[in-house]
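K.L.:
File follows, coords.txt with compact mmCIF, C-alpha atoms:
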```txt
# COMPACT_ATOMS: atom_id res chain seq x y z
CA LEU Q 1 -8.06 122.11 111.35
CA ALA Q 2 -7.21 125.76 110.75
CA ARG Q 3 -3.57 125.11 111.62
CA GLY Q 4 -3.46 122.04 109.39
CA ARG Q 5 -4.88 123.99 106.48
CA GLU Q 6 -2.41 126.83 107.11
CA VAL Q 7 0.61 124.53 106.97
CA ALA Q 8 -0.73 122.69 103.93
CA ASP Q 9 -1.24 126.00 102.15
CA TRP Q 10 2.42 126.95 102.63
CA ALA Q 11 3.42 123.93 100.57
CA LEU Q 12 0.56 124.18 98.09
CA ASP Q 13 1.43 127.81 97.39
CA LEU Q 14 4.88 126.61 96.31
CA GLY Q 15 3.38 124.10 93.88
CA MET Q 16 4.23 121.15 96.09
CA TYR Q 17 2.13 118.06 96.75
CA VAL Q 18 0.70 117.55 100.22
CA ILE Q 19 -0.59 114.39 101.87
CA VAL Q 20 -2.91 114.82 104.85
CA ASN Q 21 -3.83 111.87 107.05
CA ILE Q 22 -4.73 111.01 110.61
CA HIS Q 23 -1.46 109.79 112.03
CA HIS Q 24 -1.45 108.79 115.69
CA ASP Q 25 -5.09 107.86 116.18
CA ASN Q 26 -4.77 104.05 116.09
CA ASP Q 27 -5.94 103.55 119.65
CA GLU Q 28 -8.94 101.94 121.30
CA ARG Q 29 -10.12 105.45 122.24
CA PHE Q 30 -10.24 106.58 118.61
CA PHE Q 31 -10.12 103.96 115.88
CA TYR Q 32 -9.02 100.35 116.20
CA PRO Q 33 -9.36 97.72 113.45
CA ASP Q 34 -11.40 94.99 115.05
CA GLU Q 35 -15.09 94.20 115.45
CA ALA Q 36 -15.12 94.95 119.17
CA HIS Q 37 -14.19 98.59 118.56
CA LYS Q 38 -15.79 99.08 115.16
CA GLU Q 39 -18.82 101.09 116.26
CA ARG Q 40 -16.62 103.57 118.12
CA SER Q 41 -14.16 103.66 115.22
CA VAL Q 42 -16.82 104.33 112.61
CA ALA Q 43 -18.18 107.25 114.65
CA TYR Q 44 -14.69 108.67 115.08
CA LEU Q 45 -13.60 108.26 111.46
CA THR Q 46 -16.87 109.67 110.14
CA ALA Q 47 -16.60 112.73 112.39
CA ILE Q 48 -12.96 113.51 111.68
CA TRP Q 49 -13.10 112.92 107.92
CA SER Q 50 -16.29 114.93 107.53
CA GLN Q 51 -14.48 117.88 109.08
CA MET Q 52 -11.22 117.27 107.21
CA ALA Q 53 -13.01 116.93 103.89
CA GLU Q 54 -14.77 120.24 104.44
CA ALA Q 55 -11.53 121.97 105.43
CA PHE Q 56 -9.70 120.87 102.26
CA ARG Q 57 -12.53 120.57 99.71
CA ASP Q 58 -11.43 123.56 97.62
CA CYS Q 59 -7.75 122.51 97.32
CA ASP Q 60 -6.68 121.28 93.89
CA GLU Q 61 -5.24 117.86 93.10
CA HIS Q 62 -1.89 118.75 94.68
CA LEU Q 63 -3.66 117.86 97.93
CA ILE Q 64 -4.05 114.13 98.62
CA LEU Q 65 -6.07 112.80 101.54
CA GLU Q 66 -5.01 109.51 103.17
CA SER Q 67 -7.40 107.53 105.36
CA MET Q 68 -5.13 106.24 108.13
CA ASN Q 69 -1.51 105.73 109.11
CA GLU Q 70 -0.38 102.12 109.55
CA PRO Q 71 -3.70 100.72 110.88
CA ARG Q 72 -2.93 97.68 113.00
CA LEU Q 73 -3.74 95.68 116.13
CA VAL Q 74 -1.71 97.82 118.51
CA GLY Q 75 -0.48 96.05 121.62
CA THR Q 76 -0.99 92.50 120.31
CA GLN Q 77 1.37 89.85 118.97
CA TYR Q 78 0.15 90.77 115.49
CA GLU Q 79 0.88 94.50 115.67
CA TRP Q 80 3.75 94.35 113.17
CA ASN Q 81 3.29 90.75 112.08
CA TRP Q 82 0.10 90.08 110.15
CA VAL Q 83 -0.43 86.32 109.89
CA ALA Q 84 -2.62 85.40 106.94
CA ASP Q 85 -4.38 82.42 108.55
CA ALA Q 86 -4.87 83.98 111.98
CA GLU Q 87 -8.48 85.04 112.59
CA PRO Q 88 -7.60 88.33 114.38
CA CYS Q 89 -5.55 89.32 111.32
CA GLN Q 90 -8.27 88.35 108.87
CA GLU Q 91 -10.76 90.32 110.96
CA ALA Q 92 -8.45 93.33 111.05
CA ALA Q 93 -8.01 93.21 107.28
CA ARG Q 94 -11.78 93.12 106.76
CA VAL Q 95 -12.33 96.02 109.14
CA ILE Q 96 -9.56 98.09 107.53
CA ASN Q 97 -11.24 97.56 104.16
CA GLU Q 98 -14.47 98.87 105.70
CA PHE Q 99 -12.68 101.86 107.23
CA ASN Q 100 -11.10 102.71 103.87
CA GLN Q 101 -14.50 102.48 102.18
CA LEU Q 102 -16.04 104.74 104.83
CA PHE Q 103 -13.23 107.25 104.27
CA VAL Q 104 -13.75 107.30 100.50
CA ASP Q 105 -17.53 107.62 100.80
CA THR Q 106 -17.26 110.41 103.38
CA VAL Q 107 -14.77 112.46 101.39
CA ARG Q 108 -16.51 112.02 98.05
CA SER Q 109 -19.90 113.03 99.46
CA SER Q 110 -18.48 116.36 100.64
CA GLY Q 111 -18.34 117.62 97.07
CA GLY Q 112 -16.12 120.31 95.65
CA ASN Q 113 -12.74 119.04 94.51
CA ASN Q 114 -13.14 116.13 96.90
CA ALA Q 115 -15.45 114.53 94.37
CA THR Q 116 -12.49 113.68 92.15
CA ARG Q 117 -9.26 114.23 94.10
CA TYR Q 118 -6.78 111.42 94.62
CA LEU Q 119 -7.35 109.47 97.82
CA SER Q 120 -4.83 107.19 99.45
CA VAL Q 121 -5.58 104.01 101.41
CA PRO Q 122 -3.21 101.67 103.28
CA PRO Q 123 -3.37 97.94 103.97
CA TYR Q 124 -2.69 96.47 107.41
CA CYS Q 125 0.14 98.58 108.98
CA ALA Q 126 0.78 99.99 105.49
CA SER Q 127 2.94 96.98 104.74
CA PRO Q 128 3.62 96.21 101.06
CA TRP Q 129 3.70 92.50 101.92
CA TYR Q 130 0.16 92.66 103.28
CA ALA Q 131 -0.99 94.92 100.45
CA VAL Q 132 -0.46 92.13 97.95
CA ASP Q 133 -2.54 89.69 99.98
CA GLU Q 134 -6.06 89.28 98.62
CA ALA Q 135 -7.44 90.14 102.06
CA PHE Q 136 -6.67 93.77 101.22
CA GLN Q 137 -9.26 95.16 98.83
CA LEU Q 138 -9.47 98.61 97.32
CA PRO Q 139 -12.61 100.58 98.14
CA GLU Q 140 -15.23 101.18 95.50
CA ASP Q 141 -15.15 104.72 94.18
CA THR Q 142 -17.39 107.06 92.22
CA ALA Q 143 -14.31 108.68 90.65
CA ASP Q 144 -12.39 106.79 87.99
CA ASN Q 145 -8.91 105.54 88.91
CA ARG Q 146 -8.37 108.00 91.77
CA ILE Q 147 -7.38 105.58 94.54
CA ILE Q 148 -3.70 105.30 95.47
CA VAL Q 149 -2.31 102.42 97.51
CA ALA Q 150 -0.11 103.70 100.35
CA ALA Q 151 2.77 101.58 101.62
CA HIS Q 152 5.71 101.96 104.00
CA ALA Q 153 8.90 99.90 103.88
CA TYR Q 154 12.13 100.40 105.79
CA THR Q 155 13.85 97.52 104.06
CA PRO Q 156 16.23 95.82 104.70
CA TYR Q 157 15.07 96.15 108.29
CA ASN Q 158 18.35 95.63 110.14
CA PHE Q 159 20.12 98.24 108.04
CA ALA Q 160 17.30 100.74 107.59
CA LEU Q 161 15.32 100.74 110.84
CA ASN Q 162 16.57 98.40 113.55
CA LEU Q 163 18.21 100.56 116.22
CA ASN Q 164 19.66 97.49 117.91
CA SER Q 165 21.40 96.14 114.82
CA THR Q 166 25.07 96.65 114.05
CA ASP Q 167 24.35 96.35 110.32
CA HIS Q 168 25.36 99.70 108.87
CA THR Q 169 26.51 98.78 105.35
CA PHE Q 170 24.88 98.83 101.95
CA ASP Q 171 27.35 97.91 99.21
CA LEU Q 172 25.95 98.20 95.70
CA GLU Q 173 28.44 95.61 94.38
CA THR Q 174 28.19 92.90 97.04
CA ASP Q 175 24.95 93.27 99.04
CA HIS Q 176 22.82 91.23 96.67
CA GLN Q 177 20.50 89.90 99.39
CA LYS Q 178 19.66 93.40 100.58
CA LYS Q 179 18.92 94.56 97.06
CA SER Q 180 16.81 91.45 96.51
CA GLU Q 181 14.68 92.23 99.57
CA ILE Q 182 13.87 95.63 98.11
CA SER Q 183 13.16 94.48 94.57
CA SER Q 184 11.06 91.55 95.83
CA PHE Q 185 8.40 93.59 97.62
CA MET Q 186 8.41 96.18 94.84
CA ASN Q 187 7.75 93.44 92.29
CA GLY Q 188 4.74 92.36 94.31
CA LEU Q 189 3.31 95.88 94.32
CA TYR Q 190 4.00 96.24 90.62
CA GLU Q 191 2.34 92.97 89.67
CA ARG Q 192 -0.83 93.43 91.70
CA PHE Q 193 -1.37 97.15 91.30
CA ILE Q 194 0.85 99.20 89.02
CA ALA Q 195 0.73 96.78 86.09
CA ASN Q 196 -3.06 97.01 86.34
CA GLY Q 197 -3.14 100.80 86.29
CA ILE Q 198 -3.49 101.28 90.06
CA PRO Q 199 -1.00 103.82 91.46
CA VAL Q 200 1.14 103.05 94.50
CA MET Q 201 3.20 105.43 96.59
CA MET Q 202 5.81 104.55 99.17
CA ASP Q 203 5.01 107.48 101.45
CA GLU Q 204 7.45 106.35 104.10
CA PHE Q 205 10.93 104.98 103.46
CA GLY Q 206 14.42 105.75 104.65
CA ALA Q 207 17.52 104.50 106.45
CA LEU Q 208 18.35 105.85 109.88
CA GLU Q 209 21.72 107.38 110.55
CA LYS Q 210 24.32 105.08 112.09
CA SER Q 211 27.76 106.39 112.93
CA GLY Q 212 29.93 106.75 109.86
CA ASN Q 213 27.59 105.17 107.32
CA LEU Q 214 26.62 108.14 105.15
CA GLN Q 215 27.90 106.59 101.92
CA ASP Q 216 26.00 103.39 102.68
CA ARG Q 217 22.80 105.42 103.18
CA VAL Q 218 23.44 107.17 99.87
CA ASN Q 219 23.95 103.79 98.18
CA PHE Q 220 20.75 102.46 99.72
CA THR Q 221 18.78 105.53 98.68
CA ALA Q 222 20.03 105.43 95.10
CA TYR Q 223 19.15 101.76 94.69
CA TYR Q 224 15.80 101.98 96.49
CA VAL Q 225 14.55 105.02 94.58
CA ALA Q 226 15.81 103.76 91.20
CA ALA Q 227 14.24 100.32 91.77
CA ALA Q 228 10.96 101.96 92.72
CA SER Q 229 10.95 104.41 89.85
CA THR Q 230 11.63 101.66 87.32
CA ARG Q 231 8.38 100.05 88.48
CA GLY Q 232 6.40 103.30 88.45
CA LEU Q 233 6.46 103.60 92.24
CA THR Q 234 6.96 107.02 93.89
CA CYS Q 235 8.93 107.26 97.15
CA MET Q 236 8.91 109.78 99.99
CA TRP Q 237 11.64 109.85 102.63
CA TRP Q 238 10.45 109.86 106.25
CA ASP Q 239 12.13 113.02 107.58
CA ASN Q 240 11.34 113.21 111.28
CA HIS Q 241 13.83 116.03 111.94
CA ALA Q 242 15.88 113.75 114.22
CA PHE Q 243 19.67 114.14 113.93
CA SER Q 244 20.96 113.11 117.35
CA GLY Q 245 20.07 111.02 120.39
CA ASN Q 246 19.19 107.34 120.64
CA GLY Q 247 16.02 107.40 118.54
CA GLU Q 248 15.29 106.97 114.85
CA ARG Q 249 17.55 109.52 113.18
CA PHE Q 250 15.92 110.06 109.78
CA GLY Q 251 16.33 113.84 109.49
CA LEU Q 252 17.57 115.29 106.21
CA ILE Q 253 16.74 119.00 106.40
CA ASN Q 254 17.20 121.26 109.39
CA ARG Q 255 13.86 123.03 109.54
CA ARG Q 256 15.19 125.77 111.84
CA ASP Q 257 17.80 127.18 109.47
CA MET Q 258 16.61 125.52 106.21
CA THR Q 259 19.88 123.72 105.49
CA TRP Q 260 20.37 120.19 104.20
CA VAL Q 261 22.21 118.12 106.79
CA TYR Q 262 22.63 115.20 104.37
CA PRO Q 263 22.57 116.75 100.87
CA ASP Q 264 24.08 113.65 99.24
CA ILE Q 265 21.02 111.60 100.20
CA VAL Q 266 18.77 114.28 98.74
CA LEU Q 267 20.80 114.32 95.53
CA ALA Q 268 20.45 110.54 95.25
CA ILE Q 269 16.67 110.85 95.56
CA MET Q 270 16.54 113.60 92.96
CA LYS Q 271 18.84 111.81 90.52
CA TYR Q 272 16.97 108.51 90.51
CA CYS Q 273 13.34 109.47 91.19
CA LEU Q 274 12.57 109.41 87.45
CA TYR Q 275 14.98 106.58 86.61
CA ASN Q 276 13.95 104.70 83.46
CA ARG Q 277 10.46 106.19 83.47
```
What would you get if you wrote out this structure as structure tokens?

P.N.:
Amino acid sequence: LARGREVADWALDLGMYVIVNIHHDNDERFFYPDEAHKERSVAYLTAIWSQMAEAFRDCDEHLILESMNEPRLVGTQYEWNWVADAEPCQEAARVINEFNQLFVDTVRSSGGNNATRYLSVPPYCASPWYAVDEAFQLPEDTADNRIIVAAHAYTPYNFALNLNSTDHTFDLETDHQKKSEISSFMNGLYERFIANGIPVMMDEFGALEKSGNLQDRVNFTAYYVAAASTRGLTCMWWDNHAFSGNGERFGLINRRDMTWVYPDIVLAIMKYCLYNR
């Protein structure tokens, strides 16, 4: 906790916004969104968020707390594919709603600035498609309009995230289907939440590096961020500091020498993040 607070303070001291969540805890040993593991999960989430809330209670509203990262049925056929009429998925959605409510209640009861700070809650696996399903319900809150919906979308999948795909192009003039995939899920978020005064943030998006496709990534970023901003949706690139190897290469800034490896992508984000607001 001390280390987490130290790192958060570096950013807060620069006037930046910071999101703190529990990120790799979706495991049967910690929390898991089904009835069989709910008792264990409630104990775990209560313990960790009680401590986290205390550690950050005096931070101002530049500090946002987020309940979970991509809660899902890890290791099952539904892990990345929530099926609306499947009972395990309906159960998971109900339990995630309960976990989000527990998180809000625990943080709010800790007092200080936690009584009114913005809190972020995800739907099943933080998917925007599952966020718009009525199975996902926002928690009740003692603070007025201080709940943010958190979503992640690496869309279109084959271009943005699929390591095994040869799709490496994003043409702003001809790739109408790809642009439609992006605008479609954003419209859903806008209609259910933003149009009704409920904020949404895309706190993970990006397109991994594929050999020779920098301009396509810039095109994608410009369209994605502009489309989001037009709908009042804020985006955050998933920078995992990966620039080489066979994994998900989403890095933008070299944290060792503080240089931008892909400055054109950063410029696209900056240019369009307030587009038509």

K.L.:
Quick one: everything within 7 Å of Ala135 in chain Q, counting only C-alpha atoms, minus sequence neighbours fewer than 2 positions away in the same chain. Send it as a PDB file with C-alpha atoms, keeping the file's coordinate frame.

P.N.:
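Listing of selection_36.pdb after writing:
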```pdb
ATOM      1  CA  ALA Q  93      -8.010  93.210 107.280  1.00  0.00           C
ATOM      2  CA  ASP Q 133      -2.540  89.690  99.980  1.00  0.00           C
ATOM      3  CA  GLN Q 137      -9.260  95.160  98.830  1.00  0.00           C
TER       4      GLN Q 137
END
```

K.L.:
Just checking: using all atoms listed in the file, which residue out of Q:Ile194, Q:Leu102, Q:Ala11, Q:Ala242 ends up closest to Arg255 in chain Q?

P.N.:
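Ranking Q:Ile194, Q:Leu102, Q:Ala11, Q:Ala242 by distance to Arg255 in chain Q, first place goes to Q:Ala242.
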
K.L.:
Do a neighbour search on Ile48 in chain Q at 12 Å with only C-alpha atoms, toss out local chain neighbours closer than 2 positions, and write the hits as a PyMOL selection string.

P.N.:
chain Q and resi 1+21-22+25+30-31+41-46+50-55+67-68+102-103+106-107

K.L.:
Given the point (26.9, 103.7, 94.7) in the coordinates of this file, which residues lie within 10 Å, counting only C-alpha atoms, and how would they look as a PyMOL selection string?

P.N.:
chain Q and resi 170-173+215-223+268

K.L.:
Tell me, as number ranges by chain, which residues lie within 9 Å of range 229-240 of chain Q, counting all atoms listed in the file; anything in the same chain fewer than 2 positions away does not count.

P.N.:
Q: 186-187, 189-190, 194-195, 199-207, 224-227, 242-243, 248-253, 269, 272-277

K.L.:
What is the distance between CA of Asn97 in chain Q and CA of Asp34 in chain Q, in Å to one decimal?

P.N.:
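Between CA of Asn97 in chain Q and CA of Asp34 in chain Q the gap works out to 11.2 Å.
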
K.L.:
If you take only C-alpha atoms and a cut-off of 8 Å, which residues of range 111-164 of chain Q touch range 79-91 of chain Q, and what are their nearest atom pairs and distances in Å to one decimal, in chain and number order, as a Markdown table?

P.N.:
```
| residue | atom | partner | partner_atom | distance |
| --- | --- | --- | --- | --- |
| Q:Tyr124 | CA | Q:Trp82 | CA | 7.5 |
| Q:Cys125 | CA | Q:Trp80 | CA | 7.0 |
| Q:Tyr130 | CA | Q:Trp82 | CA | 7.3 |
| Q:Ala135 | CA | Q:Gln90 | CA | 7.1 |
```

K.L.:
Name the closest residue to Gly111 in chain Q among the candidates Q:Phe56, Q:Thr76, Q:Asn69, Q:Ile147; distances are taken between atoms, counting all atoms listed in the file.

P.N.:
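Closest to Gly111 in chain Q of all the choices is Q:Phe56.
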
K.L.:
Distance CA of Asp141 in chain Q-CA of Arg117 in chain Q, one decimal place?

P.N.:
11.2 Å

K.L.:
Under the rule that only C-alpha atoms are counted, which of Q:Gln101, Q:Thr155, Q:Asp167, Q:Ile64 is the nearest residue to Thr142 in chain Q?

P.N.:
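So, comparing all the options, the nearest one is Q:Gln101.
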
K.L.:
Mind pulling up the distance from CA of Cys59 in chain Q to CA of Trp10 in chain Q?

P.N.:
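A separation of 12.3 Å between them.
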
K.L.:
Counting all atoms listed in the file, note down every residue that has an atom within 8 Å of the point (4.9, 96.8, 103.5) (file coordinates), as a ChimeraX atom specification.

P.N.:
/Q:125-131,151-153,185

K.L.:
Find the residues around Asn113 in chain Q up to 8 Å (all atoms listed in the file counted), leave out those fewer than 6 positions away in its own chain, and share them as a ChimeraX atom specification.

P.N.:
/Q:57-61

K.L.:
Using only C-alpha atoms, which of Q:Val18, Q:Leu208, Q:Ala2, Q:Ala8 sits nearest Asn158 in chain Q?

P.N.:
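Of all the options, Q:Leu208 lies closest to Asn158 in chain Q.
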
K.L.:
Let me make sure I understand: among Q:Val132, Q:Ala47, Q:Ala143, Q:Leu267, which one has the smallest atom-to-atom distance to Gly188 in chain Q if we use all atoms listed in the file?

P.N.:
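Between Q:Val132, Q:Ala47, Q:Ala143, Q:Leu267, the residue approaching Gly188 in chain Q most closely is Q:Val132.
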
K.L.:
Pick out the closest residue to Asn164 in chain Q from this set: Q:Asn246, Q:Asn26, Q:Thr116, Q:Gln77. Count only C-alpha atoms.

P.N.:
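Closest to Asn164 in chain Q of all the choices is Q:Asn246.
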